[in-house]
>>> print(open('input_0.txt').read())   # compact mmCIF, C-alpha atoms
# COMPACT_ATOMS: atom_id res chain seq x y z
CA MET A 25 -68.94 -8.91 194.12
CA ASN A 26 -69.05 -8.54 197.90
CA ALA A 27 -70.92 -11.87 198.05
CA PRO A 28 -69.85 -14.65 200.46
CA ARG A 29 -68.06 -16.35 197.57
CA ALA A 30 -65.86 -13.29 197.09
CA TRP A 31 -64.73 -13.52 200.71
CA LEU A 32 -64.09 -17.26 200.31
CA ILE A 33 -61.91 -16.65 197.24
CA TRP A 34 -60.09 -13.90 199.11
CA THR A 35 -59.55 -16.13 202.16
CA ILE A 36 -57.89 -18.85 200.09
CA GLY A 37 -55.70 -16.29 198.36
CA VAL A 38 -54.73 -14.73 201.69
CA PHE A 39 -53.86 -18.15 203.13
CA ALA A 40 -51.50 -18.74 200.21
CA TYR A 41 -49.96 -15.31 200.81
CA LEU A 42 -49.65 -16.04 204.55
CA VAL A 43 -47.72 -19.21 203.71
CA ALA A 44 -45.50 -17.23 201.33
CA VAL A 45 -44.68 -14.66 204.03
CA ALA A 46 -43.82 -17.47 206.45
CA GLN A 47 -41.45 -18.96 203.85
CA ARG A 48 -39.95 -15.54 203.08
CA THR A 49 -39.20 -14.54 206.69
CA SER A 50 -38.25 -17.96 208.08
CA PHE A 51 -34.55 -17.44 207.38
CA GLY A 52 -34.57 -14.27 209.47
CA VAL A 53 -34.87 -16.24 212.72
CA ALA A 54 -32.43 -18.91 211.55
CA GLY A 55 -29.46 -16.61 210.91
CA LEU A 56 -27.34 -17.77 213.86
CA GLU A 57 -28.13 -21.46 213.18
CA ALA A 58 -27.33 -20.95 209.49
CA THR A 59 -23.97 -19.38 210.38
CA GLU A 60 -23.05 -22.55 212.29
CA ARG A 61 -24.63 -25.04 209.86
CA PHE A 62 -22.97 -23.60 206.76
CA HIS A 63 -19.81 -22.24 208.50
CA ALA A 64 -20.55 -18.90 206.83
CA SER A 65 -19.55 -15.27 207.35
CA ALA A 66 -21.96 -12.36 207.84
CA ALA A 67 -21.70 -11.43 204.15
CA ALA A 68 -22.43 -15.04 203.14
CA ILE A 69 -25.49 -15.18 205.40
CA SER A 70 -26.74 -11.87 204.03
CA PHE A 71 -26.18 -13.26 200.52
CA PHE A 72 -28.86 -15.91 201.17
CA THR A 73 -31.48 -13.22 201.65
CA VAL A 74 -30.02 -10.83 199.08
CA LEU A 75 -30.19 -13.44 196.33
CA GLN A 76 -33.68 -14.47 197.44
CA LEU A 77 -34.83 -10.85 197.24
CA LEU A 78 -32.98 -10.30 193.96
CA VAL A 79 -34.91 -13.18 192.43
CA TYR A 80 -38.12 -11.88 193.98
CA ALA A 81 -37.62 -8.33 192.73
CA GLY A 82 -36.36 -9.42 189.31
CA LEU A 83 -39.49 -11.50 188.72
CA GLN A 84 -42.04 -8.89 189.80
CA ILE A 85 -42.56 -7.30 186.39
CA PRO A 86 -42.59 -10.62 184.45
CA VAL A 87 -45.00 -12.06 187.02
CA GLY A 88 -47.22 -8.98 186.74
CA VAL A 89 -47.41 -9.46 182.99
CA LEU A 90 -48.05 -13.22 183.36
CA VAL A 91 -50.81 -12.83 185.93
CA ASP A 92 -52.60 -10.38 183.64
CA ARG A 93 -52.35 -13.04 180.95
CA PHE A 94 -52.93 -16.36 182.78
CA GLY A 95 -54.77 -15.36 185.95
CA SER A 96 -54.14 -15.60 189.68
CA ARG A 97 -55.04 -19.27 190.23
CA ALA A 98 -52.26 -20.69 188.06
CA MET A 99 -49.67 -18.26 189.38
CA VAL A 100 -50.45 -18.74 193.09
CA ALA A 101 -50.43 -22.54 192.75
CA GLY A 102 -47.15 -22.47 190.81
CA GLY A 103 -45.58 -20.21 193.41
CA ALA A 104 -46.56 -22.54 196.24
CA VAL A 105 -44.98 -25.48 194.39
CA LEU A 106 -41.69 -23.62 193.98
CA MET A 107 -41.60 -22.54 197.63
CA GLY A 108 -42.28 -26.09 198.79
CA LEU A 109 -39.40 -27.37 196.67
CA GLY A 110 -37.14 -24.61 198.00
CA GLN A 111 -37.82 -25.39 201.65
CA LEU A 112 -37.37 -29.11 200.94
CA GLN A 113 -33.97 -28.36 199.42
CA LEU A 114 -33.01 -26.13 202.35
CA ALA A 115 -34.08 -28.75 204.90
CA PHE A 116 -31.33 -31.11 203.75
CA ALA A 117 -28.70 -28.61 202.56
CA ASP A 118 -25.39 -28.62 204.43
CA SER A 119 -23.40 -26.19 202.29
CA VAL A 120 -23.75 -22.57 201.22
CA PRO A 121 -24.49 -23.41 197.53
CA GLY A 122 -27.17 -25.92 198.53
CA GLY A 123 -28.78 -23.45 200.92
CA VAL A 124 -28.67 -20.64 198.39
CA LEU A 125 -30.43 -22.83 195.80
CA GLY A 126 -33.24 -23.43 198.29
CA ARG A 127 -33.67 -19.71 198.96
CA VAL A 128 -33.67 -18.94 195.23
CA LEU A 129 -36.60 -21.31 194.75
CA VAL A 130 -38.38 -19.73 197.73
CA GLY A 131 -37.82 -16.27 196.26
CA ALA A 132 -39.18 -17.32 192.87
CA GLY A 133 -42.31 -18.85 194.37
CA ASP A 134 -42.83 -15.91 196.70
CA ALA A 135 -42.59 -13.53 193.73
CA MET A 136 -45.58 -15.22 192.10
CA THR A 137 -47.89 -14.93 195.09
CA PHE A 138 -48.55 -11.40 196.33
CA ILE A 139 -49.23 -9.73 192.98
CA SER A 140 -51.56 -12.58 192.04
CA VAL A 141 -53.54 -12.27 195.27
CA ILE A 142 -53.73 -8.46 195.07
CA ARG A 143 -55.07 -8.75 191.52
CA LEU A 144 -58.07 -10.71 192.83
CA VAL A 145 -59.26 -7.82 195.01
CA PRO A 146 -60.53 -5.32 192.38
CA LEU A 147 -62.07 -8.20 190.41
CA TRP A 148 -64.10 -9.61 193.31
CA PHE A 149 -64.90 -6.50 195.39
CA ALA A 150 -66.63 -3.17 194.74
CA PRO A 151 -64.26 -0.20 194.22
CA ALA A 152 -65.17 1.47 197.53
CA LYS A 153 -63.99 -1.61 199.43
CA VAL A 154 -60.77 -2.19 197.49
CA PRO A 155 -58.41 -0.01 199.65
CA LEU A 156 -59.61 -1.65 202.88
CA VAL A 157 -59.51 -5.20 201.49
CA THR A 158 -56.03 -4.52 200.09
CA GLN A 159 -54.86 -3.51 203.56
CA LEU A 160 -56.57 -6.53 205.08
CA THR A 161 -54.66 -8.70 202.61
CA GLY A 162 -51.34 -7.30 203.77
CA MET A 163 -52.45 -7.45 207.41
CA CYS A 164 -53.43 -11.12 207.27
CA GLY A 165 -50.26 -11.97 205.39
CA GLN A 166 -48.29 -10.68 208.38
CA LEU A 167 -49.58 -13.66 210.34
CA GLY A 168 -47.14 -15.68 208.26
CA GLN A 169 -44.31 -13.70 209.79
CA LEU A 170 -45.79 -14.33 213.22
CA PHE A 171 -45.65 -18.04 212.42
CA SER A 172 -41.98 -17.78 211.51
CA VAL A 173 -40.94 -15.85 214.64
CA VAL A 174 -42.87 -17.96 217.17
CA PRO A 175 -43.88 -21.55 216.18
CA PHE A 176 -41.18 -21.97 213.55
CA ALA A 177 -38.49 -20.51 215.84
CA LEU A 178 -39.56 -22.84 218.67
CA LEU A 179 -39.57 -25.83 216.32
CA LEU A 180 -36.16 -24.86 214.96
CA HIS A 181 -34.63 -24.65 218.44
CA SER A 182 -36.32 -27.79 219.78
CA ALA A 183 -36.55 -30.24 216.87
CA GLY A 184 -33.70 -28.93 214.73
CA TRP A 185 -33.07 -27.58 211.28
CA THR A 186 -34.49 -30.33 209.03
CA PRO A 187 -37.88 -30.89 210.76
CA ALA A 188 -38.48 -27.14 210.94
CA PHE A 189 -37.97 -26.55 207.22
CA LEU A 190 -39.90 -29.69 206.28
CA THR A 191 -42.86 -28.21 208.16
CA LEU A 192 -42.69 -25.14 205.93
CA ALA A 193 -42.60 -27.35 202.84
CA ALA A 194 -45.74 -29.15 204.05
CA MET A 195 -47.54 -25.80 204.41
CA SER A 196 -46.87 -25.11 200.74
CA VAL A 197 -48.42 -28.45 199.77
CA LEU A 198 -51.58 -27.52 201.67
CA ALA A 199 -51.68 -24.14 199.90
CA VAL A 200 -51.45 -25.80 196.47
CA VAL A 201 -54.37 -28.13 197.24
CA LEU A 202 -56.64 -25.33 198.50
CA VAL A 203 -55.83 -22.97 195.63
CA LEU A 204 -56.52 -25.56 192.93
CA ALA A 205 -59.72 -26.71 194.64
CA VAL A 206 -61.33 -23.37 195.53
CA LEU A 207 -59.68 -20.26 194.08
CA ARG A 208 -61.08 -18.75 190.88
CA ASP A 209 -59.68 -15.84 188.85
CA ALA A 210 -62.82 -13.70 188.45
CA PRO A 211 -66.59 -13.73 189.10
CA PRO A 212 -68.89 -15.44 186.57
CA GLY A 213 -69.57 -13.21 183.58
CA HIS A 214 -66.32 -11.28 183.84
CA PRO A 215 -64.64 -10.80 180.42
CA SER A 216 -62.13 -13.56 179.72
CA ARG A 217 -58.43 -12.82 179.57
CA ASP A 218 -56.61 -12.44 176.27
CA THR A 219 -54.11 -15.30 176.67
CA GLY A 220 -52.98 -14.89 173.08
CA GLN A 221 -51.37 -11.51 173.69
CA GLY A 222 -48.07 -11.28 171.84
CA LEU A 223 -44.74 -9.89 172.91
CA ARG A 224 -45.36 -6.56 171.19
CA ALA A 225 -48.67 -6.01 173.02
CA THR A 226 -47.06 -7.08 176.27
CA GLY A 227 -44.24 -4.59 175.76
CA ILE A 228 -46.72 -1.81 175.02
CA SER A 229 -48.67 -2.59 178.20
CA LEU A 230 -45.48 -2.58 180.27
CA SER A 231 -44.31 0.67 178.68
CA ARG A 232 -47.64 2.40 179.33
CA ALA A 233 -47.67 1.25 182.96
CA TRP A 234 -44.14 2.62 183.50
CA LYS A 235 -44.81 5.93 181.72
CA GLN A 236 -47.76 6.58 184.01
CA PRO A 237 -46.34 8.87 186.76
CA GLY A 238 -48.78 7.39 189.28
CA THR A 239 -47.16 3.97 188.82
CA ARG A 240 -43.71 5.44 189.52
CA LEU A 241 -45.03 7.31 192.54
CA GLY A 242 -46.23 3.95 193.87
CA LEU A 243 -42.82 2.42 193.11
CA TRP A 244 -40.85 5.06 195.04
CA SER A 245 -43.36 5.05 197.90
CA HIS A 246 -42.88 1.30 198.25
CA PHE A 247 -39.10 1.68 197.89
CA THR A 248 -38.86 4.20 200.72
CA VAL A 249 -41.07 2.89 203.50
CA GLN A 250 -40.92 -0.90 203.15
CA PHE A 251 -37.24 -1.84 203.02
CA SER A 252 -36.24 -1.01 206.61
CA GLY A 253 -38.85 -3.27 208.15
CA ASN A 254 -37.99 -5.97 205.60
CA LEU A 255 -34.28 -6.06 206.41
CA PHE A 256 -35.11 -6.03 210.12
CA ALA A 257 -37.56 -8.94 209.90
CA MET A 258 -35.78 -11.01 207.27
CA THR A 259 -32.11 -10.81 208.23
CA TRP A 260 -30.60 -8.31 210.66
CA GLY A 261 -33.23 -7.64 213.31
CA TYR A 262 -32.75 -10.92 215.15
CA PRO A 263 -28.93 -10.79 215.45
CA PHE A 264 -29.04 -7.04 216.19
CA LEU A 265 -31.41 -7.51 219.12
CA LEU A 266 -29.91 -10.76 220.36
CA SER A 267 -26.18 -10.09 219.99
CA ALA A 268 -25.69 -6.33 219.76
CA GLN A 269 -28.44 -5.29 222.18
CA GLY A 270 -27.91 -8.26 224.52
CA LEU A 271 -31.56 -9.34 224.75
CA ASP A 272 -32.52 -12.93 225.52
CA ALA A 273 -34.26 -15.09 222.91
CA GLY A 274 -37.66 -14.78 224.60
CA THR A 275 -37.55 -10.98 224.59
CA VAL A 276 -36.45 -10.91 220.96
CA SER A 277 -39.34 -13.19 220.00
CA GLY A 278 -41.66 -10.87 221.90
CA LEU A 279 -40.41 -7.84 219.98
CA MET A 280 -40.76 -9.68 216.69
CA ALA A 281 -44.31 -10.62 217.68
CA LEU A 282 -44.91 -6.93 218.47
CA PHE A 283 -43.67 -6.15 214.94
CA VAL A 284 -46.30 -8.44 213.45
CA ALA A 285 -49.08 -7.31 215.78
CA THR A 286 -48.43 -3.65 214.98
CA ALA A 287 -48.55 -4.31 211.24
CA ILE A 288 -51.84 -6.17 211.67
CA VAL A 289 -53.42 -3.42 213.77
CA ALA A 290 -52.17 -0.58 211.55
CA GLY A 291 -53.39 -2.08 208.27
CA PRO A 292 -57.13 -1.28 208.50
CA GLY A 293 -56.33 2.25 209.67
CA PHE A 294 -54.30 2.89 206.54
CA GLY A 295 -57.09 1.40 204.42
CA ARG A 296 -59.65 3.80 205.91
CA PHE A 297 -57.24 6.73 205.55
CA VAL A 298 -56.67 6.02 201.85
CA SER A 299 -60.41 5.68 201.25
CA LYS A 300 -61.24 8.99 202.98
CA HIS A 301 -58.18 11.04 201.97
CA PRO A 302 -56.94 9.80 198.56
CA MET A 303 -55.24 13.14 197.88
CA ARG A 304 -53.03 12.81 200.99
CA ARG A 305 -51.56 9.38 200.34
CA SER A 306 -48.07 10.66 199.49
CA ALA A 307 -48.05 12.87 202.60
CA MET A 308 -48.64 9.78 204.74
CA VAL A 309 -45.79 7.96 202.97
CA LEU A 310 -43.40 10.86 203.65
CA LEU A 311 -44.46 10.96 207.31
CA ILE A 312 -43.67 7.25 207.70
CA ALA A 313 -40.24 7.74 206.08
CA LEU A 314 -39.45 10.57 208.51
CA ALA A 315 -40.58 8.50 211.50
CA THR A 316 -38.38 5.59 210.34
CA ALA A 317 -35.30 7.80 210.09
CA LEU A 318 -35.92 9.35 213.51
CA ALA A 319 -36.49 5.98 215.20
CA TRP A 320 -33.26 4.49 213.83
CA ALA A 321 -31.32 7.65 214.70
CA ALA A 322 -32.59 7.55 218.30
CA VAL A 323 -31.35 3.96 218.70
CA LEU A 324 -28.06 4.24 216.83
CA VAL A 325 -26.74 7.47 218.36
CA LEU A 326 -26.81 6.07 221.89
CA PRO A 327 -23.30 5.19 223.10
CA GLU A 328 -24.63 2.17 225.01
CA ARG A 329 -27.35 -0.39 224.43
CA ALA A 330 -30.81 1.07 223.94
CA PRO A 331 -33.44 0.64 226.65
CA LEU A 332 -36.14 -1.91 225.93
CA TRP A 333 -38.86 0.73 225.56
CA LEU A 334 -36.89 2.51 222.82
CA LEU A 335 -36.34 -0.77 220.97
CA ALA A 336 -40.08 -1.38 221.20
CA VAL A 337 -40.72 2.06 219.68
CA LEU A 338 -38.31 1.22 216.85
CA VAL A 339 -40.09 -2.06 216.19
CA VAL A 340 -43.49 -0.34 216.11
CA VAL A 341 -42.30 2.32 213.65
CA LEU A 342 -40.66 -0.26 211.37
CA ALA A 343 -43.80 -2.40 211.45
CA VAL A 344 -45.93 0.55 210.31
CA GLY A 345 -43.84 0.70 207.14
CA GLY A 346 -45.34 -2.59 205.93
CA PRO A 347 -48.99 -1.49 205.69
CA GLY A 348 -47.77 2.01 204.78
CA SER A 349 -46.05 0.62 201.70
CA MET A 350 -49.41 -0.81 200.54
CA ILE A 351 -50.33 2.75 199.62
CA GLY A 352 -48.02 2.26 196.63
CA PHE A 353 -50.35 -0.42 195.26
CA ASP A 354 -53.28 1.94 195.61
CA PHE A 355 -51.42 4.38 193.35
CA ALA A 356 -51.01 1.55 190.81
CA ARG A 357 -54.70 0.71 190.99
CA THR A 358 -56.07 4.23 190.64
CA PHE A 359 -53.76 5.38 187.83
CA ASN A 360 -54.02 2.27 185.59
CA PRO A 361 -56.90 0.45 183.85
CA SER A 362 -58.00 -2.95 185.22
CA HIS A 363 -56.33 -4.96 182.44
CA ARG A 364 -52.95 -3.47 183.43
CA ILE A 365 -53.20 -3.73 187.23
CA GLY A 366 -50.99 -6.82 187.49
CA THR A 367 -48.23 -5.21 185.42
CA ALA A 368 -48.39 -1.93 187.35
CA THR A 369 -48.47 -3.75 190.70
CA GLY A 370 -45.38 -5.72 189.69
CA ILE A 371 -43.52 -2.49 188.93
CA VAL A 372 -44.48 -1.04 192.31
CA ASN A 373 -43.57 -4.19 194.21
CA VAL A 374 -40.02 -4.09 192.85
CA GLY A 375 -39.25 -0.94 194.84
CA GLY A 376 -39.19 -2.06 198.45
CA PHE A 377 -37.43 -5.33 197.71
CA ILE A 378 -34.71 -3.75 195.58
CA ALA A 379 -34.04 -1.30 198.42
CA ALA A 380 -34.10 -4.15 200.95
CA LEU A 381 -31.63 -6.36 199.10
CA VAL A 382 -29.23 -3.44 198.61
CA ALA A 383 -29.43 -2.51 202.30
CA ILE A 384 -29.13 -6.11 203.52
CA TYR A 385 -26.05 -6.76 201.41
CA LEU A 386 -24.36 -3.48 202.33
CA ILE A 387 -24.96 -4.07 206.04
CA GLY A 388 -23.40 -7.54 205.83
CA LEU A 389 -20.47 -6.18 203.80
CA VAL A 390 -19.81 -3.37 206.28
CA LEU A 391 -19.96 -5.81 209.21
CA ASP A 392 -17.36 -8.06 207.55
CA LEU A 393 -15.08 -5.12 206.68
CA LEU A 394 -15.22 -3.81 210.25
CA TYR A 395 -14.50 -7.32 211.58
CA ALA A 396 -11.53 -7.78 209.24
CA SER A 397 -10.12 -4.38 210.17
CA GLY A 398 -10.18 -5.21 213.88
CA PHE A 399 -12.72 -2.49 214.67
CA SER A 400 -15.24 -5.07 215.93
CA GLY A 401 -12.83 -6.44 218.53
CA GLY A 402 -13.51 -10.02 217.48
CA ASP A 403 -17.30 -9.62 217.82
CA LEU A 404 -18.82 -9.80 214.35
CA TYR A 405 -22.29 -8.83 215.57
CA GLY A 406 -21.23 -6.32 218.23
CA LEU A 407 -23.02 -3.08 219.00
CA ALA A 408 -20.33 -0.75 217.60
CA PRO A 409 -20.09 -2.39 214.15
CA PHE A 410 -23.88 -2.74 213.92
CA ARG A 411 -24.25 0.96 214.72
CA ILE A 412 -22.15 1.86 211.68
CA ALA A 413 -23.50 -0.83 209.35
CA LEU A 414 -27.17 -0.05 209.97
CA SER A 415 -26.57 3.62 209.17
CA VAL A 416 -26.53 2.81 205.44
CA GLN A 417 -30.32 2.93 205.64
CA PHE A 418 -30.29 6.72 205.90
CA VAL A 419 -28.90 6.98 202.36
CA LEU A 420 -31.78 4.95 200.93
CA LEU A 421 -34.37 6.80 202.99
CA GLY A 422 -33.06 10.14 201.72
CA LEU A 423 -32.91 8.97 198.10
CA GLY A 424 -36.43 7.58 198.22
CA THR A 425 -37.82 10.76 199.75
CA VAL A 426 -36.32 12.90 196.98
CA LEU A 427 -37.72 10.59 194.28
CA ILE A 428 -41.20 10.66 195.86
CA LEU A 429 -41.22 14.47 195.85
CA VAL A 430 -40.03 14.68 192.23
CA THR A 431 -42.55 12.10 190.98
CA ARG A 432 -45.41 13.55 193.01
CA ARG A 433 -44.88 16.87 191.25
CA LYS A 434 -45.34 15.13 187.88
CA VAL A 435 -48.46 13.33 189.09
CA ARG A 436 -50.03 16.57 190.28
CA ARG A 437 -49.24 18.29 186.98
CA GLN A 438 -51.00 15.44 185.19
CA MET A 439 -54.00 15.72 187.53
CA ALA A 440 -54.12 19.50 187.05
CA SER A 441 -54.32 19.02 183.28
CA GLN A 442 -57.44 16.93 183.96
CA GLY A 443 -58.97 19.64 186.14
CA ILE A 444 -58.04 18.08 189.50
CA HIS A 445 -56.06 20.45 191.70
CA VAL A 446 -54.47 19.24 194.96
CA GLN A 447 -54.14 22.00 197.51
CA PRO A 448 -50.86 22.05 199.52
CA LEU A 449 -51.23 20.16 202.80
CA LEU A 450 -50.63 23.14 205.10
CA ALA A 451 -53.08 25.28 203.12
CA ALA A 452 -55.66 22.49 203.23
CA LEU A 453 -55.25 22.09 206.98
CA ALA A 454 -55.62 25.88 207.45
CA ARG A 455 -58.77 25.87 205.32
CA GLN A 456 -60.25 22.98 207.30
CA ARG A 457 -59.47 24.81 210.55
CA ARG A 458 -61.22 27.96 209.31
CA GLU A 459 -64.23 25.92 208.28
CA ARG A 460 -64.44 24.28 211.71
CA ILE A 461 -64.23 27.69 213.42
CA GLU A 462 -66.96 29.08 211.17
CA ARG A 463 -69.22 26.09 211.89
CA ARG A 464 -68.75 26.53 215.64
CA ARG A 465 -69.53 30.25 215.37
CA ALA A 466 -72.61 29.54 213.31
CA ALA A 467 -73.76 26.98 215.90
CA ARG A 468 -73.37 29.54 218.70
CA THR A 469 -75.21 32.30 216.83
CA VAL A 470 -78.83 32.66 217.92
CA SER A 471 -81.38 33.86 215.38
CA PRO A 472 -83.03 37.26 216.27
CA ASP A 473 -86.48 35.69 215.77
CA GLU A 474 -85.81 33.10 218.48
CA PRO A 475 -86.69 33.92 222.15
>>> encode(input="input_0.txt", output="C-alpha cells")
Amino acid sequence: MNAPRAWLIWTIGVFAYLVAVAQRTSFGVAGLEATERFHASAAAISFFTVLQLLVYAGLQIPVGVLVDRFGSRAMVAGGAVLMGLGQLQLAFADSVPGGVLGRVLVGAGDAMTFISVIRLVPLWFAPAKVPLVTQLTGMCGQLGQLFSVVPFALLLHSAGWTPAFLTLAAMSVLAVVLVLAVLRDAPPGHPSRDTGQGLRATGISLSRAWKQPGTRLGLWSHFTVQFSGNLFAMTWGYPFLLSAQGLDAGTVSGLMALFVATAIVAGPGFGRFVSKHPMRRSAMVLLIALATALAWAAVLVLPERAPLWLLAVLVVVLAVGGPGSMIGFDFARTFNPSHRIGTATGIVNVGGFIAALVAIYLIGLVLDLLYASGFSGGDLYGLAPFRIALSVQFVLLGLGTVLILVTRRKVRRQMASQGIHVQPLLAALARQRRERIERRRAARTVSPDEP
C-alpha cells in the first residue's frame, strides 16, 4: 500500500476510466452532426443519451455486486470491450435504431468502469490517502472529456463521423490490453474474494448497504450536484452555447475545455476538504447545489443572450459539481465495510445519472413541444425555448436538496447513538471564531514576571 506498484495499478485503472469518460461524452459534441446524419428531432437526439444513461444507471447496483464478487480487473476489461463494440457500431450506423444500439453498448461498458476503479483505491492505498486519491481519480478521468471536446471534435469536423468514432473504438482496445497485462485486484496477501456467494447473501449485502443512511446520503448528494454538469457536457451544453447563445465553435470548445480544467483543478481541493472536515461534507454538497441554482438563474432570467463572462461563470460552477459529487462516494466508503464498498458505491452512482437522464429527456421533450406549438418561431434550439426547457433543472435541484436534509438528519441520529455529535455549522463557526479570538488575546498577554 502506497508503494510504487499501487500507483501503477491506479494509473492503469485511471486510464481505463479516462477512456470511458471520452466514450461517454463524445456524443455531446456530435449532437448537431447526429441530427443531420440520422434526420432526428431534438427528443430523438436526447433519447440517445437518455437510453445510454438509463443503461448506465440501471447497471450500477448489479455491477457493484459483481465487482465485489469478481474483482475490478475482469469488470474494467469487460467494460472496455463493450464500449469498443458500441463505438464501432456507431461509426457505421446511419439510422436512429443503429445509433441507439451503439450508445446502449457504450453505456453498459461505461457502467462497469468507474465503480471498479474506485474499488481499487481503498484496497491499494492507506485510509488517510483514500479521499485525495478518490478525487484524483475523478480529476484524471475528466481528461477523457477534454479529449472529446477538443481532439475528437476536431477529428469529427475534419475527417468525418466514421473515422472519429473508429478512433474511440481503438482507444478501448488499448485499454483492454493494458488492463489485462498490468491491473491487479488487490495487493499480495489480501484476503481472496468469496466468488461462491449465492443470491441470498448478495441480496442481504445489497439490503444492508441500502438500509445504511450514510449510503442514501451519498446517493442524494450525487443526485443533486452531478446531473446539471452531466446534461451540459453530454447533450445540451454544446447546442445551447452554439445555437441559443450564438457563440462560434472555437469559443464553445474553449468553454468546454474550461469545464474540464475547472473539474481537474477543483478535485484535489475537495479531497483535502473531505480529509480535514469529514463532518462538513453535506454542507459542502448543499453549497454546491445552491451555487448551481444561482448560476443557472442568472443566465436564464436575462432577456437577451448572456455575456461571455457570465457563461464562463456558469461553466465553472457546473464543473465544480463533478468533483463535488465524489463526496457521495466518500459517504459510501465511511459508512460501509470494505467487502460492501462496491455495492454501496453502485447505489450512490445511480443518483446523478438518474437525475441526468430525467433532465436530459425532459429538456428535449419541452424543446419539441415548444417547436410544435410555434413558440420557437421555427428555431428548435433558440434562446427562448432553451430558457424554458433548461428551467426543469430547478425542480430536481430542489428535490435533491430536500432529500439530502432529510437523510442527513437520520445519519446524525445514528452517529449520536454511537456517541458522535455533530455541532450545527453556524454554532461550530462561532465556536471556532471565539477560539481564534482567545488565542490572539492570549498571545498578546504579557506575563507579569516578564520585563
>>> residues_around(input="input_0.txt", residues="A:Gln111", least_positions_apart="5", cutoff="8 Å", atoms="all atoms listed in the file", output="ChimeraX atom specification")
/A:47,126-127,130,189-190,192-193
>>> closest_atom_pairs(input="input_0.txt", of="stretch 237-305 of chain A", to="stretch 147-164 of chain A", cutoff="6 Å", atoms="only C-alpha atoms", output="Markdown table")
| residue | atom | partner | partner_atom | distance |
| --- | --- | --- | --- | --- |
| A:Ile288 | CA | A:Met163 | CA | 4.5 |
| A:Gly291 | CA | A:Gln159 | CA | 5.1 |
| A:Pro292 | CA | A:Gln159 | CA | 5.9 |
| A:Gly295 | CA | A:Leu156 | CA | 4.2 |
>>> closest_residue(input="input_0.txt", among="A:Leu198, A:Glu459, A:Met439, A:Arg364", to="A:Ala225", atoms="all atoms listed in the file")
A:Arg364
>>> atom_distance(input="input_0.txt", atom1="atom CA of A:Gly168", atom2="atom CA of A:Thr186")
19.4 Å
>>> atom_distance(input="input_0.txt", atom1="atom CA of A:Arg232", atom2="atom CA of A:Thr367")
9.8 Å
>>> residues_near_point(input="input_0.txt", point="(-22.3, -3.9, 208.4)", cutoff="7 Å", atoms="all atoms listed in the file", output="PyMOL selection string")
chain A and resi 386-392+409-410+412-414
>>> decode(input="input_0.txt", residues="stretch 156-160 of chain A", atoms="all heavy atoms", output="mmCIF file, in the first residue's frame")
data_model
loop_
_atom_site.group_PDB
_atom_site.id
_atom_site.type_symbol
_atom_site.label_atom_id
_atom_site.label_comp_id
_atom_site.auth_asym_id
_atom_site.auth_seq_id
_atom_site.Cartn_x
_atom_site.Cartn_y
_atom_site.Cartn_z
ATOM 1 N N LEU A 156 -8.214 11.772 -1.023
ATOM 2 C CA LEU A 156 -7.466 12.515 -2.040
ATOM 3 C C LEU A 156 -7.304 11.696 -3.310
ATOM 4 O O LEU A 156 -7.495 12.212 -4.425
ATOM 5 C CB LEU A 156 -6.097 12.914 -1.486
ATOM 6 C CG LEU A 156 -5.195 13.698 -2.454
ATOM 7 C CD1 LEU A 156 -5.886 14.984 -2.907
ATOM 8 C CD2 LEU A 156 -3.851 14.009 -1.808
ATOM 9 N N VAL A 157 -6.976 10.410 -3.181
ATOM 10 C CA VAL A 157 -6.798 9.572 -4.375
ATOM 11 C C VAL A 157 -8.128 9.390 -5.101
ATOM 12 O O VAL A 157 -8.177 9.336 -6.337
ATOM 13 C CB VAL A 157 -6.181 8.203 -3.997
ATOM 14 C CG1 VAL A 157 -6.063 7.308 -5.228
ATOM 15 C CG2 VAL A 157 -4.809 8.399 -3.360
ATOM 16 N N THR A 158 -9.224 9.326 -4.354
ATOM 17 C CA THR A 158 -10.546 9.243 -4.983
ATOM 18 C C THR A 158 -10.813 10.483 -5.832
ATOM 19 O O THR A 158 -11.291 10.387 -6.970
ATOM 20 C CB THR A 158 -11.640 9.092 -3.915
ATOM 21 O OG1 THR A 158 -11.415 7.887 -3.180
ATOM 22 C CG2 THR A 158 -13.018 9.027 -4.550
ATOM 23 N N GLN A 159 -10.503 11.661 -5.286
ATOM 24 C CA GLN A 159 -10.673 12.892 -6.057
ATOM 25 C C GLN A 159 -9.734 12.933 -7.254
ATOM 26 O O GLN A 159 -10.116 13.395 -8.344
ATOM 27 C CB GLN A 159 -10.452 14.112 -5.165
ATOM 28 C CG GLN A 159 -11.600 14.413 -4.219
ATOM 29 C CD GLN A 159 -12.833 14.906 -4.938
ATOM 30 O OE1 GLN A 159 -12.790 15.300 -6.095
ATOM 31 N NE2 GLN A 159 -13.968 14.881 -4.255
ATOM 32 N N LEU A 160 -8.507 12.465 -7.070
ATOM 33 C CA LEU A 160 -7.572 12.420 -8.199
ATOM 34 C C LEU A 160 -8.088 11.504 -9.305
ATOM 35 O O LEU A 160 -7.882 11.762 -10.497
ATOM 36 C CB LEU A 160 -6.198 11.951 -7.719
ATOM 37 C CG LEU A 160 -5.396 12.936 -6.862
ATOM 38 C CD1 LEU A 160 -4.134 12.262 -6.336
ATOM 39 C CD2 LEU A 160 -5.043 14.185 -7.662
#
